[in-house]
Amino acid sequence: MTATTQALPDSRPQPLPAQPTPRRDPRHQSAAPLTMLGAVFLGICAPLLRVPTFYYWDDTAGASVGAWRHTADALLEGRLPLLNLELWRGGNYAAEAAFGLFNPLLLGLYVGTKPIDDLAIAALVIKGFMFLAMALGAYLVCREYGVRPWVAALAGTILPLSGFTLWMDGAAWVTGLTVTALTPWVLWTGKRAADGRGSLLWAVLAGYLCASAGNPYGLLSTGLVFAALILDVLMNREIRRVWGLVVAGVAVALLAVGTYLPFVLSSSVSYRAGSGTYNDEYLSPGLSDVLGLSSPSLQPYVNVFGETVFSFPALYLSWLVMPLLPWVRWSVLREQGRRLTAVYALGVVNLLIVVGPSQIGFFRWPVRLVPYLWLSVVVIFAVLLSAGLHRSRARQRWVLTVAVVFAGFWLAWSDLPVQWDRHLFSAVMVMVLLVVVVRAARHSQRLLALTAMGGTLVVLVVQLSWMPMNSNVLDYRFPRSEAAMEESFADYRPGLTVQIADVHRVESDDLRAEKVYQDMLFGSMYAVAGVESLTAYSGVGFNVLDAEQCVAYQGSTCRDAWKSLWDEPAGSDVVLADLLRVETVVVQREMLRTRADDGPRGWELSERTEYVDVWRRTAPLPWTQGRLSDVSGPVTVTSDERTGDVGETVDFRRDGSGAAELTFARLAWPGYTAEIDGRQVPVEQGPAGLLTVEIPDNIEDGTLTLAWSPPGTTVSLAAAGLGLALAAGLGLTERRRRRAARTSADGPGDQGEPGNRTADELADSAGHTGELRT
């Protein structure tokens with residue numbers, strides 16, 4: 001070409017202009033994740049504008065808060081509360097396997113929030129930490145797969161503000177939120193170790209924190225991540241790294257045995273005894289629901305807690321994902337090759353479970369796995385978006401985008417046609433935001449990400465204006481002040497309080513601190529008030545006593561519980577109230593109106609309010625220092641004293657021959673042992689599920705010692721020891737390899753293996769290949 005010859009314009013489609021790669025300044029490196037954390041913080045605060053107790057909801061309020069406060073109190077006293085006798089059916093924390101008793105991260109959060117008297121604020125702090133941890137974990141995973149910082153920050157914003165994560169796990173099911181928050185960290189640390197850039201010890205730590213969070217889905221999610229990473233290294237022919245991942249995964253599983261083995265071994269007395277594989281469509285979404293992930297107004301038509309539709313956008317991920325698919329550079333997935341194997345595998349398996357049967361073994365309600373599916377979707381979308389958007393054939397791409405948005409509108413309208421105006425507004429809003437985002441993408445990925453983050457917050461505010469709360473689950477509206485509750489219910493102490501009431505019989509307007517909660521509490525909130533009560537939330541329950549008192553999972557009862565209290569249960573000639581050592585009975589007047597002459601001898605109607613009748617024992621109970629409630633046969637008890645949290649000693653002498661039995665006001669959980677002067681004697685489940693011990697005929701006198709430890713403790717300790725040994729072995733092996741590497745010369749090709757390249761180098765070579773083309 002001569003100097004006077006003019007170059008012809010390139011008629012080929014032009015992609016977005018490449019952005020120069022600046023020298024990496026730490027301040028610039030931190031701008032994206034800090035912006036992301038700020039956006040997520042604003043997002044999790046948005047629901048509080050209309051519903052200040054958004055995160056103090058359902059199971060969080062009914063179960064978790066009571067366990068958090070009691071656990072924090074015990075830890076500050078130097079104890080680990082494996083069994084809380086005062087909570088009865090809800091007090092076997094080891095069997096519940098729901099509160100992360102062996103998880104140092106969660107225990108630190110419980111203790112750290114204990115000084116906060118406002119329980120709603122305490123819940124917000126714990127959940128806020130999890131939301132931010134989830135965002136940062138997703139960001140790091142995306143960066144590990146070569147995603148540019150601002151796009152990774154966008155991905156980290158999307159995941160925690162998705163529908164099920166915010167409205168269900170965030171509002172109510174905090175253990176699910178914890179698992180979703182920690183799963184990205186397992187994937188990030190595991191992927192770094194698989195690629196030879198990180199230590200397997202970090203993967204073991206992250207895996208243990210996720211698996212021991214107190215949710216079986218945490219164990220499932222951790223196992224799936226390790227399995228996916230093993231498949232990843234096999235597909236990438238890194239066979240030598242397989243064994244390290246296998247050993248790390250086995251170490252995590254062994255360390256988590258103590259979290260779940262008591263749950264399994266206690267199932268014989270709980271309503272979780274039966275499990276199987278079946279499908280009743282309960283909380284089981286379909287594939288069309290999943291495909292509506294970018295429709296902000298879609299409320300899936302699913303069987304959910306007695307209703308037929310979710311009250312919130314349960315399957316929503318982001319307005320951005322599906323409509324932008326016509327614009328992304330799909331070739332980047334081919335260029336990434338097998339590097340995304342683990343993400344693909346996780347996505348496929350989680351999708352199969354989500355659209356599968358409603359229960360598989362102990363795992364029920366497949367919609368719970370939607371957040372784990374979204375992690376894979378977000379990572380793949382971020383990889384695609386990081387490569388830039390096409391600018392060619394814009395008209396055809398807009399046609400496809402409009403078709404995708406219309407499909408989302410149609411899916412949403414099909415489930416709830418009556419809300420057509422909401423669905424139409426949602427579709428128009430998404431189209432406007434897409435125009436802004438596509439235009440922003442022409443300038444820089446930073447502007448694209450910032451615009452998309454802003455759009456995500458706008459969409460969230462609109463969604464909250466339509467669906468401000470999760471009304472599919474229970475809103476207790478409990479009082480928020482721990483100190484106020486302790487003061488309000490001080491007259492229910494000391495001794496056991498039995499409450500005969502049903503939360504569903506309370507008018508919604510009466511669920512207030514100054515109304516019904518002056519006289520009654522539900523769930524495990526009596527633990528916060530410092531009152532011993534049969535009323536407690538439990539995920540496992542205790543079948544025999546629950547049947548005697550017709551107790552529901554959250555502690556509500558039926559009117560027959562009043563009669564049962566004054567009857568003699570099967571196998572005893574003592575009324576249940578005496579066997580339980582009841583001191584106070586609170587009867588909901590809406591359920592049953594008692595009269596002064598309705599109570600048995602030794603009881604009086606001491607108080608009547610608008611909501612309850614309060615009965616109190618007038619005759620003192622024997623053996624006031626312990627929990628012994630009945631002695632049958634020729635035995636005299638000379639002393640009974642409780643020792644420690646759960647132990648008890650009873651001094652006795654025999655007055656004659658024949659069968660003799662002691663009954664204790666404590667549930668016969670598996671794990672109890674009894675000894676008489678060092679000789680082991682059997683413990684049994686007696687009347688109403690209470691613990692009984694038979695005194696052998698050939699023992700004239702002695703001291704009976706009761707003790708309890710979680711069933712399978714020996715196995716759990718052995719498994720934990722082996723798990724720690726495997727982790728230590730991994731650490732020593734890695735240390736030897738690092739030492740050997742330092743003493744040897746660098747071999748050729750070290751810079752060429754993908755496993756030794758940084759995330760930014762991968763982004764330069766793979767993530768932006770399309771942008772650098774001309």
# chains A, B, ... in the order shown; residues from 1 in each chain; ligands from 1
call {"tool": "select_by_dssp", "arguments": {"residues": "stretch 168-290 of chain A", "states": "alpha helix (DSSP H)", "output": "count of residues only"}}
result
80
call {"tool": "closest_atom_pairs", "arguments": {"of": "stretch 72-179 of chain A", "to": "stretch 480-493 of chain A", "cutoff": "9 Å", "atoms": "only C-alpha atoms", "output": "Markdown table"}}
result
| residue | atom | partner | partner_atom | distance |
| --- | --- | --- | --- | --- |
| A:Ile116 | CA | A:Glu482 | CA | 8.8 |
| A:Asp117 | CA | A:Ser481 | CA | 5.5 |
| A:Asp118 | CA | A:Ser481 | CA | 4.9 |
| A:Leu119 | CA | A:Arg480 | CA | 5.1 |
| A:Ala120 | CA | A:Arg480 | CA | 6.0 |
| A:Ile121 | CA | A:Arg480 | CA | 8.5 |
call {"tool": "closest_residue", "arguments": {"among": "A:Leu726, A:Val304, A:Pro479, A:Gln359", "to": "A:Ala513", "atoms": "only C-alpha atoms"}}
result
A:Pro479
call {"tool": "residues_around", "arguments": {"residues": "A:Val693", "least_positions_apart": "3", "cutoff": "7 Å", "atoms": "only C-alpha atoms", "output": "PyMOL selection string"}}
result
chain A and resi 661-663+682-684
call {"tool": "write_last_selection", "arguments": {"atoms": "N, CA, C and O atoms", "output": "mmCIF file, in the first residue's frame"}}
result
data_model
loop_
_atom_site.group_PDB
_atom_site.id
_atom_site.type_symbol
_atom_site.label_atom_id
_atom_site.label_comp_id
_atom_site.auth_asym_id
_atom_site.auth_seq_id
_atom_site.Cartn_x
_atom_site.Cartn_y
_atom_site.Cartn_z
ATOM 1 N N GLU A 661 -38.212 -49.033 90.552
ATOM 2 C CA GLU A 661 -37.899 -48.223 89.368
ATOM 3 C C GLU A 661 -37.943 -46.752 89.712
ATOM 4 O O GLU A 661 -38.818 -46.291 90.462
ATOM 5 N N LEU A 662 -37.019 -46.024 89.152
ATOM 6 C CA LEU A 662 -36.959 -44.568 89.309
ATOM 7 C C LEU A 662 -37.327 -43.925 87.976
ATOM 8 O O LEU A 662 -36.835 -44.330 86.916
ATOM 9 N N THR A 663 -38.202 -42.923 88.023
ATOM 10 C CA THR A 663 -38.592 -42.175 86.820
ATOM 11 C C THR A 663 -38.117 -40.736 86.962
ATOM 12 O O THR A 663 -38.298 -40.116 88.024
ATOM 13 N N PRO A 682 -29.204 -50.755 83.157
ATOM 14 C CA PRO A 682 -29.856 -50.271 81.928
ATOM 15 C C PRO A 682 -30.770 -49.077 82.183
ATOM 16 O O PRO A 682 -31.355 -48.938 83.261
ATOM 17 N N VAL A 683 -30.875 -48.229 81.179
ATOM 18 C CA VAL A 683 -31.847 -47.137 81.188
ATOM 19 C C VAL A 683 -32.912 -47.470 80.150
ATOM 20 O O VAL A 683 -32.630 -48.103 79.137
ATOM 21 N N GLU A 684 -34.128 -47.044 80.401
ATOM 22 C CA GLU A 684 -35.249 -47.382 79.534
ATOM 23 C C GLU A 684 -36.079 -46.138 79.235
ATOM 24 O O GLU A 684 -36.011 -45.132 79.959
#
call {"tool": "residues_around", "arguments": {"residues": "A:Ala97", "least_positions_apart": "4", "cutoff": "6 Å", "atoms": "only C-alpha atoms", "output": "VMD selection string"}}
result
chain A and resid 214 259 to 260
call {"tool": "closest_residue", "arguments": {"among": "A:Val247, A:Ala619, A:Leu448, A:Val405", "to": "A:Ala728", "atoms": "only C-alpha atoms"}}
result
A:Val247
call {"tool": "residues_around", "arguments": {"residues": "stretch 535-543 of chain A", "least_positions_apart": "2", "cutoff": "6 Å", "atoms": "only C-alpha atoms", "output": "VMD selection string"}}
result
chain A and resid 63 89 to 90 269 to 272 523 to 524 533 545 to 546 553 to 555
call {"tool": "closest_atom_pairs", "arguments": {"of": "stretch 512-607 of chain A", "to": "stretch 64-80 of chain A", "cutoff": "8 Å", "atoms": "only C-alpha atoms", "output": "CSV"}}
result
residue,atom,partner,partner_atom,distance
A:Ser524,CA,A:Gly66,CA,5.5
A:Met525,CA,A:Gly66,CA,5.6
A:Tyr526,CA,A:Gly66,CA,7.7
A:Ala527,CA,A:Gly66,CA,5.6
A:Val528,CA,A:Gly66,CA,5.3
call {"tool": "residues_around", "arguments": {"residues": "stretch 81-86 of chain A", "least_positions_apart": "3", "cutoff": "7 Å", "atoms": "only C-alpha atoms", "output": "list of chain:residue names"}}
result
A:Thr71, A:Ala74, A:Gly91, A:Asn92, A:Tyr93, A:Ala94, A:Glu532, A:Ser533, A:Val646, A:Arg666
call {"tool": "residues_around", "arguments": {"residues": "A:Ser564", "least_positions_apart": "5", "cutoff": "9 Å", "atoms": "only C-alpha atoms", "output": "PyMOL selection string"}}
result
chain A and resi 548-549+569+575-577
call {"tool": "write_last_selection", "arguments": {"atoms": "all heavy atoms", "output": "PDB file, in the first residue's frame"}}
result
ATOM      1  N   GLU A 548     -48.436 -37.568  73.451  1.00  0.00           N
ATOM      2  CA  GLU A 548     -49.186 -37.349  74.691  1.00  0.00           C
ATOM      3  C   GLU A 548     -49.759 -35.945  74.760  1.00  0.00           C
ATOM      4  O   GLU A 548     -50.883 -35.742  75.211  1.00  0.00           O
ATOM      5  CB  GLU A 548     -48.273 -37.584  75.902  1.00  0.00           C
ATOM      6  CG  GLU A 548     -47.949 -39.031  76.192  1.00  0.00           C
ATOM      7  CD  GLU A 548     -49.091 -39.762  76.884  1.00  0.00           C
ATOM      8  OE1 GLU A 548     -50.000 -39.085  77.401  1.00  0.00           O
ATOM      9  OE2 GLU A 548     -49.061 -41.001  76.893  1.00  0.00           O
ATOM     10  N   GLN A 549     -48.972 -34.976  74.310  1.00  0.00           N
ATOM     11  CA  GLN A 549     -49.378 -33.576  74.414  1.00  0.00           C
ATOM     12  C   GLN A 549     -49.778 -32.976  73.062  1.00  0.00           C
ATOM     13  O   GLN A 549     -49.955 -31.778  72.955  1.00  0.00           O
ATOM     14  CB  GLN A 549     -48.238 -32.758  75.022  1.00  0.00           C
ATOM     15  CG  GLN A 549     -48.057 -32.976  76.519  1.00  0.00           C
ATOM     16  CD  GLN A 549     -49.133 -32.261  77.319  1.00  0.00           C
ATOM     17  OE1 GLN A 549     -49.103 -31.040  77.478  1.00  0.00           O
ATOM     18  NE2 GLN A 549     -50.094 -33.009  77.828  1.00  0.00           N
ATOM     19  N   PRO A 569     -50.292 -41.594  82.229  1.00  0.00           N
ATOM     20  CA  PRO A 569     -49.871 -42.184  80.955  1.00  0.00           C
ATOM     21  C   PRO A 569     -49.685 -43.692  81.086  1.00  0.00           C
ATOM     22  O   PRO A 569     -49.555 -44.224  82.203  1.00  0.00           O
ATOM     23  CB  PRO A 569     -48.547 -41.484  80.669  1.00  0.00           C
ATOM     24  CG  PRO A 569     -48.037 -41.059  82.007  1.00  0.00           C
ATOM     25  CD  PRO A 569     -49.254 -40.753  82.829  1.00  0.00           C
ATOM     26  N   VAL A 575     -49.971 -39.100  87.565  1.00  0.00           N
ATOM     27  CA  VAL A 575     -50.432 -38.232  86.478  1.00  0.00           C
ATOM     28  C   VAL A 575     -49.234 -37.599  85.781  1.00  0.00           C
ATOM     29  O   VAL A 575     -48.159 -37.411  86.366  1.00  0.00           O
ATOM     30  CB  VAL A 575     -51.393 -37.141  86.993  1.00  0.00           C
ATOM     31  CG1 VAL A 575     -52.631 -37.765  87.617  1.00  0.00           C
ATOM     32  CG2 VAL A 575     -50.684 -36.207  87.961  1.00  0.00           C
ATOM     33  N   LEU A 576     -49.436 -37.255  84.511  1.00  0.00           N
ATOM     34  CA  LEU A 576     -48.343 -36.748  83.694  1.00  0.00           C
ATOM     35  C   LEU A 576     -47.760 -35.459  84.265  1.00  0.00           C
ATOM     36  O   LEU A 576     -46.531 -35.261  84.232  1.00  0.00           O
ATOM     37  CB  LEU A 576     -48.845 -36.509  82.267  1.00  0.00           C
ATOM     38  CG  LEU A 576     -47.806 -36.021  81.260  1.00  0.00           C
ATOM     39  CD1 LEU A 576     -46.658 -37.012  81.132  1.00  0.00           C
ATOM     40  CD2 LEU A 576     -48.456 -35.776  79.895  1.00  0.00           C
ATOM     41  N   ALA A 577     -48.595 -34.592  84.812  1.00  0.00           N
ATOM     42  CA  ALA A 577     -48.099 -33.325  85.354  1.00  0.00           C
ATOM     43  C   ALA A 577     -47.085 -33.561  86.467  1.00  0.00           C
ATOM     44  O   ALA A 577     -46.108 -32.812  86.592  1.00  0.00           O
ATOM     45  CB  ALA A 577     -49.262 -32.483  85.870  1.00  0.00           C
TER      46      ALA A 577
END
call {"tool": "closest_atom_pairs", "arguments": {"of": "stretch 335-399 of chain A", "to": "stretch 159-167 of chain A", "cutoff": "9 Å", "atoms": "only C-alpha atoms", "output": "CSV"}}
result
residue,atom,partner,partner_atom,distance
A:Val367,CA,A:Phe164,CA,8.5
A:Arg368,CA,A:Phe164,CA,8.1
A:Val370,CA,A:Phe164,CA,7.4
A:Pro371,CA,A:Thr165,CA,6.4
A:Trp374,CA,A:Leu159,CA,7.1
A:Leu375,CA,A:Leu159,CA,6.9
A:Val378,CA,A:Leu159,CA,7.1
call {"tool": "closest_residue", "arguments": {"among": "A:Ala552, A:Asp502, A:Phe664, A:Asp677", "to": "A:Val612", "atoms": "only C-alpha atoms"}}
result
A:Asp502
call {"tool": "atom_distance", "arguments": {"atom1": "atom CA of A:His443", "atom2": "atom CA of A:Arg391"}}
result
12.1 Å
call {"tool": "atom_distance", "arguments": {"atom1": "atom CA of A:Pro33", "atom2": "atom CA of A:Gly347"}}
result
24.5 Å
call {"tool": "select_by_dssp", "arguments": {"residues": "stretch 660-693 of chain A", "states": "strand (DSSP E or B)", "output": "list in words"}}
result
Ala660, Glu661, Leu662, Thr663, Phe664, Ala665, Arg666, Leu667, Tyr672, Thr673, Ala674, Glu675, Ile676, Arg679, Gln680, Val681, Val683, Glu684, Gln685, Leu690, Leu691, Thr692 and Val693 of chain A
call {"tool": "write_last_selection", "arguments": {"atoms": "N, CA and C atoms", "output": "PDB file, in the first residue's frame"}}
result
ATOM      1  N   ALA A 660     -38.149 -52.403  91.542  1.00  0.00           N
ATOM      2  CA  ALA A 660     -38.082 -51.001  91.949  1.00  0.00           C
ATOM      3  C   ALA A 660     -37.598 -50.175  90.764  1.00  0.00           C
ATOM      4  N   GLU A 661     -38.212 -49.033  90.552  1.00  0.00           N
ATOM      5  CA  GLU A 661     -37.899 -48.223  89.368  1.00  0.00           C
ATOM      6  C   GLU A 661     -37.943 -46.752  89.712  1.00  0.00           C
ATOM      7  N   LEU A 662     -37.019 -46.024  89.152  1.00  0.00           N
ATOM      8  CA  LEU A 662     -36.959 -44.568  89.309  1.00  0.00           C
ATOM      9  C   LEU A 662     -37.327 -43.925  87.976  1.00  0.00           C
ATOM     10  N   THR A 663     -38.202 -42.923  88.023  1.00  0.00           N
ATOM     11  CA  THR A 663     -38.592 -42.175  86.820  1.00  0.00           C
ATOM     12  C   THR A 663     -38.117 -40.736  86.962  1.00  0.00           C
ATOM     13  N   PHE A 664     -37.530 -40.212  85.899  1.00  0.00           N
ATOM     14  CA  PHE A 664     -36.954 -38.869  85.924  1.00  0.00           C
ATOM     15  C   PHE A 664     -37.700 -37.953  84.945  1.00  0.00           C
ATOM     16  N   ALA A 665     -37.800 -36.707  85.328  1.00  0.00           N
ATOM     17  CA  ALA A 665     -38.434 -35.701  84.464  1.00  0.00           C
ATOM     18  C   ALA A 665     -37.423 -35.232  83.430  1.00  0.00           C
ATOM     19  N   ARG A 666     -37.100 -36.123  82.565  1.00  0.00           N
ATOM     20  CA  ARG A 666     -36.198 -35.862  81.446  1.00  0.00           C
ATOM     21  C   ARG A 666     -36.506 -36.872  80.355  1.00  0.00           C
ATOM     22  N   LEU A 667     -36.394 -36.473  79.108  1.00  0.00           N
ATOM     23  CA  LEU A 667     -36.695 -37.348  77.991  1.00  0.00           C
ATOM     24  C   LEU A 667     -35.597 -38.397  77.823  1.00  0.00           C
ATOM     25  N   TYR A 672     -27.980 -41.921  77.052  1.00  0.00           N
ATOM     26  CA  TYR A 672     -27.939 -41.962  78.517  1.00  0.00           C
ATOM     27  C   TYR A 672     -27.258 -43.239  78.999  1.00  0.00           C
ATOM     28  N   THR A 673     -26.538 -43.115  80.097  1.00  0.00           N
ATOM     29  CA  THR A 673     -25.978 -44.261  80.819  1.00  0.00           C
ATOM     30  C   THR A 673     -26.264 -44.080  82.302  1.00  0.00           C
ATOM     31  N   ALA A 674     -26.360 -45.206  83.012  1.00  0.00           N
ATOM     32  CA  ALA A 674     -26.607 -45.171  84.458  1.00  0.00           C
ATOM     33  C   ALA A 674     -25.687 -46.175  85.140  1.00  0.00           C
ATOM     34  N   GLU A 675     -25.143 -45.775  86.277  1.00  0.00           N
ATOM     35  CA  GLU A 675     -24.295 -46.648  87.084  1.00  0.00           C
ATOM     36  C   GLU A 675     -24.702 -46.552  88.542  1.00  0.00           C
ATOM     37  N   ILE A 676     -24.630 -47.671  89.212  1.00  0.00           N
ATOM     38  CA  ILE A 676     -24.838 -47.701  90.662  1.00  0.00           C
ATOM     39  C   ILE A 676     -23.525 -48.139  91.286  1.00  0.00           C
ATOM     40  N   ARG A 679     -21.337 -49.862  88.885  1.00  0.00           N
ATOM     41  CA  ARG A 679     -21.932 -50.978  88.150  1.00  0.00           C
ATOM     42  C   ARG A 679     -22.970 -50.432  87.175  1.00  0.00           C
ATOM     43  N   GLN A 680     -22.804 -50.742  85.898  1.00  0.00           N
ATOM     44  CA  GLN A 680     -23.720 -50.201  84.891  1.00  0.00           C
ATOM     45  C   GLN A 680     -25.071 -50.907  84.957  1.00  0.00           C
ATOM     46  N   VAL A 681     -26.128 -50.110  84.907  1.00  0.00           N
ATOM     47  CA  VAL A 681     -27.496 -50.632  84.893  1.00  0.00           C
ATOM     48  C   VAL A 681     -28.210 -50.042  83.691  1.00  0.00           C
ATOM     49  N   VAL A 683     -30.875 -48.229  81.179  1.00  0.00           N
ATOM     50  CA  VAL A 683     -31.847 -47.137  81.188  1.00  0.00           C
ATOM     51  C   VAL A 683     -32.912 -47.470  80.150  1.00  0.00           C
ATOM     52  N   GLU A 684     -34.128 -47.044  80.401  1.00  0.00           N
ATOM     53  CA  GLU A 684     -35.249 -47.382  79.534  1.00  0.00           C
ATOM     54  C   GLU A 684     -36.079 -46.138  79.235  1.00  0.00           C
ATOM     55  N   GLN A 685     -36.878 -46.238  78.185  1.00  0.00           N
ATOM     56  CA  GLN A 685     -37.876 -45.211  77.898  1.00  0.00           C
ATOM     57  C   GLN A 685     -39.159 -45.634  78.595  1.00  0.00           C
ATOM     58  N   LEU A 690     -40.397 -40.673  79.180  1.00  0.00           N
ATOM     59  CA  LEU A 690     -39.473 -40.219  80.211  1.00  0.00           C
ATOM     60  C   LEU A 690     -38.452 -41.305  80.534  1.00  0.00           C
ATOM     61  N   LEU A 691     -37.334 -40.889  81.089  1.00  0.00           N
ATOM     62  CA  LEU A 691     -36.233 -41.796  81.408  1.00  0.00           C
ATOM     63  C   LEU A 691     -36.542 -42.563  82.690  1.00  0.00           C
ATOM     64  N   THR A 692     -36.348 -43.866  82.645  1.00  0.00           N
ATOM     65  CA  THR A 692     -36.529 -44.705  83.831  1.00  0.00           C
ATOM     66  C   THR A 692     -35.309 -45.587  84.021  1.00  0.00           C
ATOM     67  N   VAL A 693     -35.023 -45.897  85.277  1.00  0.00           N
ATOM     68  CA  VAL A 693     -33.920 -46.793  85.636  1.00  0.00           C
ATOM     69  C   VAL A 693     -34.447 -47.801  86.641  1.00  0.00           C
TER      70      VAL A 693
END
call {"tool": "decode", "arguments": {"residues": "stretch 130-142 of chain A", "atoms": "N, CA and C atoms", "output": "mmCIF file, in the first residue's frame"}}
result
data_model
loop_
_atom_site.group_PDB
_atom_site.id
_atom_site.type_symbol
_atom_site.label_atom_id
_atom_site.label_comp_id
_atom_site.auth_asym_id
_atom_site.auth_seq_id
_atom_site.Cartn_x
_atom_site.Cartn_y
_atom_site.Cartn_z
ATOM 1 N N MET A 130 -23.292 -13.444 56.486
ATOM 2 C CA MET A 130 -23.390 -14.542 55.523
ATOM 3 C C MET A 130 -23.621 -14.028 54.109
ATOM 4 N N PHE A 131 -24.468 -13.031 53.948
ATOM 5 C CA PHE A 131 -24.699 -12.461 52.624
ATOM 6 C C PHE A 131 -23.396 -11.906 52.035
ATOM 7 N N LEU A 132 -22.653 -11.154 52.844
ATOM 8 C CA LEU A 132 -21.414 -10.564 52.352
ATOM 9 C C LEU A 132 -20.365 -11.631 52.068
ATOM 10 N N ALA A 133 -20.316 -12.664 52.926
ATOM 11 C CA ALA A 133 -19.384 -13.774 52.681
ATOM 12 C C ALA A 133 -19.733 -14.495 51.385
ATOM 13 N N MET A 134 -21.023 -14.663 51.122
ATOM 14 C CA MET A 134 -21.462 -15.296 49.873
ATOM 15 C C MET A 134 -21.012 -14.474 48.668
ATOM 16 N N ALA A 135 -21.205 -13.180 48.734
ATOM 17 C CA ALA A 135 -20.816 -12.314 47.624
ATOM 18 C C ALA A 135 -19.315 -12.388 47.371
ATOM 19 N N LEU A 136 -18.533 -12.303 48.441
ATOM 20 C CA LEU A 136 -17.081 -12.345 48.278
ATOM 21 C C LEU A 136 -16.628 -13.712 47.774
ATOM 22 N N GLY A 137 -17.252 -14.771 48.257
ATOM 23 C CA GLY A 137 -16.906 -16.097 47.776
ATOM 24 C C GLY A 137 -17.201 -16.261 46.300
ATOM 25 N N ALA A 138 -18.363 -15.776 45.857
ATOM 26 C CA ALA A 138 -18.700 -15.856 44.435
ATOM 27 C C ALA A 138 -17.726 -15.032 43.599
ATOM 28 N N TYR A 139 -17.348 -13.875 44.116
ATOM 29 C CA TYR A 139 -16.369 -13.038 43.424
ATOM 30 C C TYR A 139 -15.046 -13.786 43.227
ATOM 31 N N LEU A 140 -14.569 -14.425 44.292
ATOM 32 C CA LEU A 140 -13.288 -15.128 44.220
ATOM 33 C C LEU A 140 -13.359 -16.334 43.283
ATOM 34 N N VAL A 141 -14.484 -17.034 43.299
ATOM 35 C CA VAL A 141 -14.644 -18.161 42.372
ATOM 36 C C VAL A 141 -14.570 -17.668 40.926
ATOM 37 N N CYS A 142 -15.285 -16.593 40.641
ATOM 38 C CA CYS A 142 -15.259 -16.056 39.284
ATOM 39 C C CYS A 142 -13.854 -15.609 38.892
#
